[in-house]
Every structure is written in structure tokens, then in C-alpha cells.
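Scroll down for the structure; my scribbles are underneath it.
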Amino acid sequence: MAREIDRQIIGDLRDNGIDFVTSVPCKQLAGVIELVDQTDGILHVPCNKEDEGMGLCAGAYMGGMRPLIMMQNTALGVTLNSLATLIQFYQIPLPMLISYRGEVGEPVACQVEMALHTKALLAQFHIPTYHFHKAEDVAELPGILQHTQMCSKPTAILTDASFWGSAK
């Protein structure tokens with residue numbers, strides 16, 4: 001069930017020209033995914049794996065669209081080659097809305113391991129990273145989306161359990 005925070009995120013995407021979104025299923029991002037499917041002006045193409053999503057986003061960008069991928073941090077490892085050799089090499093501005101699993105409040109123990117590596121991997125790949133802890137942090141999203149386009153780089157927006165838990 002979509003919430004106000006999900007509607008705000010979708011509004012910010014539309015207001016900043018995002019017109020292509022790919023996603024993999026995610027409980028934390030479910031409301032945003034539900035709404036993006038119903039939003040005129042944004043083509044939503046679900047994918048099976050995050051590295052496949054990187055390819056879809058690259059194709060959309062090369063076709064004149066502004067893409068965004070929604071994914072979990074636990075799959076960051078499978079995207080690293082695509083991020084470096086496709087997204088970064090071709091200077092594709094790609095915002096990545098990432099549910100940051102494994103932080104305090106995470107109910108699934110196996111998610112914790114990747115949380116320990118997520119920020120270090122993003123830093124190693126020189127990907128600007130923003131971490132949303134509380135619902136008010138979503139106010140930063142328009143500026144992040146604009147920055148992503150300006151610098152022609154991928155950016156990571158980590159949304160943790162505290163962020164989703166504080167959202168209405």
C-alpha cells in the first residue's frame with residue numbers, strides 16, 4: 001500500500017525528468033514500485049536482476065530517456081562490473097534508489113553482511129552516496145537528482161529501515 005512518502009518520491013522523480021525506472025521486488029520499496037507502475041510519463045520495466053537493470057537503464061539513456069534503478073544494497077555486488085564498465089565508462093547519470101538492508105531495525109540476519117560492505121564499495125567506485133535515515137531526508141531527493149544529471153555519474157540514495165519506519 002502506497003504512503004505519502006512514496007507519492008512524494010514519485011512526484012520528485014517526475015518533476016526532475018525521470019521517465020524510465022527499472023526495479024526488482026523489494027518490500028521496503030514496494031509502495032514506490034506500486035506507484036511508479038501507475039504513473040503516466042514514467043515507463044516502468046521490472047527486471048529479474050540488478051545487473052540486468054543497469055543494462056536497461058543504459059539503453060534507456062542512450063535512447064534519450066532519464067533512467068533510475070530501484071534495488072536493494074544486498075545486490076550491489078552483482079552490479080559492480082556493469083556500474084564500472086557501462087554506467088561509469090559511458091558517463092551515464094543514473095540515480096540508484098537503494099533500500100539499505102542490514103542496518104539497525106533489520107529483521108533478516110543475512111542482510112547484515114552486505115550492509116557492512118555497501119558504503120565501502122560505493123566509495124571504492126567513487127559513487128556519490130546519500131543516506132536517508134529519517135522521512136525528512138527525502139527533501140534532499142530533488143537536489144540529488146539534479147546533481148546526478150549535472151555530473152553525469154551514478155549516485156546512490158540509501159534508504160534504511162529507520163527512514164521507511166519514520167515515513168507516513
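Labels for the C-alpha cells follow display order: chains A, B, ..., residues from 1 in each chain, ligands from 1.
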Near-region 156-167 of chain A list (10 Å; only C-alpha atoms; drop same-chain fewer than 4 positions) as a PyMOL selection string
chain A and resi 3-6+28-29+69-73+94-107+118-119+122+127-138+140-141+144-145+148
Got a sec: who's within 6 Å of region 31-48 of chain A, counting only C-alpha atoms, leaving out chain neighbours fewer than 5 positions off, as a ChimeraX atom specification? /A:1-2,6,19-24,53
Would you export the selected residues with N, CA, C and O atoms as a short mmCIF file (atom, residue, chain, number, x, y, z; two decimals), in the first residue's frame, please?
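Final file, result.cif:
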```cif
data_model
loop_
_atom_site.label_atom_id
_atom_site.label_comp_id
_atom_site.auth_asym_id
_atom_site.auth_seq_id
_atom_site.Cartn_x
_atom_site.Cartn_y
_atom_site.Cartn_z
N MET A 1 0.83 -1.18 0.00
CA MET A 1 0.00 0.00 0.00
C MET A 1 0.88 1.25 0.00
O MET A 1 1.74 1.42 0.86
N ALA A 2 0.67 2.11 -0.97
CA ALA A 2 1.47 3.33 -1.10
C ALA A 2 1.16 4.32 0.01
O ALA A 2 0.02 4.44 0.46
N ASP A 6 5.91 7.66 -0.49
CA ASP A 6 6.02 7.06 -1.82
C ASP A 6 5.54 8.04 -2.88
O ASP A 6 6.17 8.19 -3.94
N ASP A 19 12.05 9.49 -16.50
CA ASP A 19 10.96 8.94 -17.30
C ASP A 19 11.12 7.45 -17.59
O ASP A 19 10.34 6.87 -18.33
N PHE A 20 12.14 6.83 -16.98
CA PHE A 20 12.35 5.39 -17.11
C PHE A 20 12.82 4.86 -15.76
O PHE A 20 13.78 5.38 -15.20
N VAL A 21 12.14 3.85 -15.25
CA VAL A 21 12.52 3.23 -13.98
C VAL A 21 12.52 1.72 -14.16
O VAL A 21 11.60 1.14 -14.75
N THR A 22 13.57 1.10 -13.66
CA THR A 22 13.57 -0.36 -13.56
C THR A 22 13.73 -0.72 -12.09
O THR A 22 14.29 0.05 -11.31
N SER A 23 13.21 -1.88 -11.73
CA SER A 23 13.24 -2.28 -10.33
C SER A 23 13.23 -3.79 -10.21
O SER A 23 12.82 -4.50 -11.13
N VAL A 24 13.67 -4.24 -9.07
CA VAL A 24 13.48 -5.63 -8.66
C VAL A 24 12.57 -5.59 -7.44
O VAL A 24 12.49 -4.57 -6.75
N GLY A 53 19.17 -4.70 -14.80
CA GLY A 53 18.60 -3.36 -14.68
C GLY A 53 19.58 -2.27 -15.12
O GLY A 53 19.17 -1.27 -15.70
#
```
| request: Determine the nearest neighbour of Pro154 (chain A) from the options A:Cys57, A:Met62, A:Ala120, A:Ala115, counting only C-alpha atoms. | output: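 Ranking A:Cys57, A:Met62, A:Ala120, A:Ala115 by distance to Pro154 (chain A), first place goes to A:Cys57.
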Exercise for the section: For Gly64 (chain A), please output as a VMD selection string all residues within 12 Å (counting only C-alpha atoms; exclusion window: fewer than 2 positions along the same chain). Expected result: chain A and resid 17 to 20 57 to 62 66 to 67 92 to 93
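Residues in contact with Asn81 (chain A) at up to 12 Å, not including ones fewer than 3 positions away on its chain and judged by only C-alpha atoms, are A:Glu50, A:Asp51, A:Glu52, A:Met54, A:Gly55, A:Leu76, A:Gly77, A:Val78, A:Ala84, A:Thr85, A:Leu86, A:Ile87, A:Gln88, A:Phe89, A:Leu121, A:Phe125.
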Saved selection, atoms kept: all heavy atoms, as a CSV table (one decimal), in the first residue's frame:
```csv
chain,number,residue,atom,x,y,z
A,50,GLU,N,19.6,-7.1,-10.8
A,50,GLU,CA,20.1,-5.7,-10.8
A,50,GLU,C,21.1,-5.4,-11.9
A,50,GLU,O,21.0,-4.3,-12.4
A,50,GLU,CB,20.7,-5.3,-9.4
A,50,GLU,CG,19.6,-5.2,-8.3
A,50,GLU,CD,19.2,-6.5,-7.7
A,50,GLU,OE1,19.6,-7.6,-8.1
A,50,GLU,OE2,18.3,-6.4,-6.8
A,51,ASP,N,22.0,-6.3,-12.2
A,51,ASP,CA,22.9,-6.0,-13.3
A,51,ASP,C,22.1,-5.9,-14.6
A,51,ASP,O,22.5,-5.1,-15.5
A,51,ASP,CB,24.0,-7.0,-13.4
A,51,ASP,CG,23.6,-8.5,-13.5
A,51,ASP,OD1,22.4,-8.8,-13.1
A,51,ASP,OD2,24.4,-9.3,-13.9
A,52,GLU,N,21.1,-6.7,-14.8
A,52,GLU,CA,20.2,-6.6,-16.0
A,52,GLU,C,19.6,-5.2,-16.0
A,52,GLU,O,19.4,-4.5,-17.0
A,52,GLU,CB,19.1,-7.6,-15.9
A,52,GLU,CG,18.0,-7.5,-16.9
A,52,GLU,CD,16.9,-8.5,-16.6
A,52,GLU,OE1,17.2,-9.7,-16.4
A,52,GLU,OE2,15.7,-8.1,-16.6
A,54,MET,N,20.9,-2.5,-14.8
A,54,MET,CA,21.9,-1.5,-15.3
A,54,MET,C,21.9,-1.4,-16.8
A,54,MET,O,21.9,-0.3,-17.4
A,54,MET,CB,23.3,-1.9,-14.8
A,54,MET,CG,23.4,-1.9,-13.3
A,54,MET,SD,23.5,-0.2,-12.7
A,54,MET,CE,23.2,-0.5,-10.9
A,55,GLY,N,21.8,-2.5,-17.5
A,55,GLY,CA,21.7,-2.6,-18.9
A,55,GLY,C,20.5,-1.9,-19.5
A,55,GLY,O,20.5,-1.2,-20.4
A,76,LEU,N,24.2,-5.2,-4.6
A,76,LEU,CA,25.2,-4.3,-5.1
A,76,LEU,C,26.4,-5.0,-5.8
A,76,LEU,O,26.9,-4.6,-6.8
A,76,LEU,CB,25.7,-3.3,-4.0
A,76,LEU,CG,26.8,-2.3,-4.4
A,76,LEU,CD1,26.2,-1.3,-5.5
A,76,LEU,CD2,27.3,-1.5,-3.2
A,77,GLY,N,26.8,-6.1,-5.1
A,77,GLY,CA,27.9,-6.9,-5.6
A,77,GLY,C,27.7,-7.4,-7.1
A,77,GLY,O,28.7,-7.4,-7.8
A,78,VAL,N,26.5,-7.7,-7.4
A,78,VAL,CA,26.3,-8.2,-8.8
A,78,VAL,C,26.3,-7.1,-9.8
A,78,VAL,O,26.3,-7.4,-11.0
A,78,VAL,CB,25.1,-9.1,-8.9
A,78,VAL,CG1,25.1,-10.3,-8.0
A,78,VAL,CG2,23.8,-8.3,-8.7
A,84,ALA,N,30.9,-0.1,-13.4
A,84,ALA,CA,32.2,0.4,-13.9
A,84,ALA,C,32.3,0.4,-15.4
A,84,ALA,O,32.7,1.5,-16.0
A,84,ALA,CB,33.3,-0.4,-13.3
A,85,THR,N,32.0,-0.7,-16.0
A,85,THR,CA,32.3,-0.8,-17.5
A,85,THR,C,31.2,-0.2,-18.4
A,85,THR,O,31.4,-0.1,-19.6
A,85,THR,CB,32.5,-2.2,-17.9
A,85,THR,OG1,31.4,-3.0,-17.6
A,85,THR,CG2,33.7,-2.8,-17.1
A,86,LEU,N,30.0,0.1,-17.8
A,86,LEU,CA,28.9,0.6,-18.6
A,86,LEU,C,28.5,1.9,-18.1
A,86,LEU,O,28.6,3.0,-18.8
A,86,LEU,CB,27.7,-0.4,-18.6
A,86,LEU,CG,26.5,-0.1,-19.4
A,86,LEU,CD1,26.9,0.0,-20.9
A,86,LEU,CD2,25.4,-1.1,-19.2
A,87,ILE,N,28.0,2.0,-16.9
A,87,ILE,CA,27.4,3.3,-16.4
A,87,ILE,C,28.5,4.3,-16.2
A,87,ILE,O,28.3,5.5,-16.7
A,87,ILE,CB,26.6,3.0,-15.1
A,87,ILE,CG1,25.5,1.9,-15.3
A,87,ILE,CG2,26.1,4.3,-14.6
A,87,ILE,CD1,24.5,2.2,-16.3
A,88,GLN,N,29.6,4.0,-15.5
A,88,GLN,CA,30.6,5.0,-15.3
A,88,GLN,C,31.4,5.3,-16.6
A,88,GLN,O,31.7,6.4,-16.9
A,88,GLN,CB,31.5,4.5,-14.2
A,88,GLN,CG,30.9,4.6,-12.8
A,88,GLN,CD,31.8,4.2,-11.7
A,88,GLN,OE1,32.4,3.2,-11.8
A,88,GLN,NE2,31.8,5.0,-10.6
A,89,PHE,N,31.8,4.2,-17.3
A,89,PHE,CA,32.6,4.4,-18.5
A,89,PHE,C,31.9,5.4,-19.5
A,89,PHE,O,32.5,6.2,-20.1
A,89,PHE,CB,32.9,3.1,-19.2
A,89,PHE,CG,33.8,3.2,-20.4
A,89,PHE,CD1,35.2,3.4,-20.2
A,89,PHE,CD2,33.3,3.2,-21.7
A,89,PHE,CE1,36.0,3.6,-21.3
A,89,PHE,CE2,34.1,3.3,-22.8
A,89,PHE,CZ,35.5,3.5,-22.6
A,121,LEU,N,32.1,-0.2,-0.7
A,121,LEU,CA,32.1,-0.5,-2.2
A,121,LEU,C,31.7,0.7,-3.0
A,121,LEU,O,32.4,1.1,-4.0
A,121,LEU,CB,31.1,-1.6,-2.5
A,121,LEU,CG,31.6,-3.0,-2.0
A,121,LEU,CD1,30.5,-4.0,-2.2
A,121,LEU,CD2,32.8,-3.5,-2.9
A,125,PHE,N,34.2,2.8,-5.7
A,125,PHE,CA,33.8,3.1,-7.0
A,125,PHE,C,33.6,4.6,-7.3
A,125,PHE,O,33.1,5.0,-8.3
A,125,PHE,CB,32.6,2.3,-7.4
A,125,PHE,CG,33.0,0.9,-7.8
A,125,PHE,CD1,33.4,-0.1,-6.9
A,125,PHE,CD2,32.9,0.5,-9.2
A,125,PHE,CE1,33.8,-1.4,-7.3
A,125,PHE,CE2,33.3,-0.8,-9.5
A,125,PHE,CZ,33.7,-1.7,-8.6
```
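With distances restricted to only C-alpha atoms, A:Ala75 is the closest residue to Pro25 (chain A) from A:Val112, A:Ala139, A:Ala123, A:Ala75.
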Exercise for review: Run DSSP on the backbone and give me the residues of chain A it puts in alpha helix (DSSP H), as JSON, numbers by chain.
Suggested key: {"A": [4, 5, 6, 7, 8, 9, 10, 11, 12, 13, 14, 15, 30, 31, 32, 33, 34, 35, 36, 37, 50, 51, 52, 53, 54, 55, 56, 57, 58, 59, 60, 61, 62, 76, 77, 78, 79, 80, 81, 82, 112, 113, 114, 115, 116, 117, 118, 119, 120, 121, 122, 123, 124, 141, 142, 143, 144, 145, 146, 147, 148, 149, 150, 151, 161, 162, 163, 164, 165, 166]}
Could you find all residues in chain A that DSSP calls strand (DSSP E or B) from the backbone, and write them as a ChimeraX atom specification?
/A:20-23,43-46,67-72,95-100,129-132,155-160
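Between CA of Thr155 (chain A) and CA of Thr74 (chain A) the separation is 16.5 Å.
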Do you have the CA of Lys153 (chain A)-CA of Cys26 (chain A) distance handy?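 Between CA of Lys153 (chain A) and CA of Cys26 (chain A) the gap is 24.2 Å.
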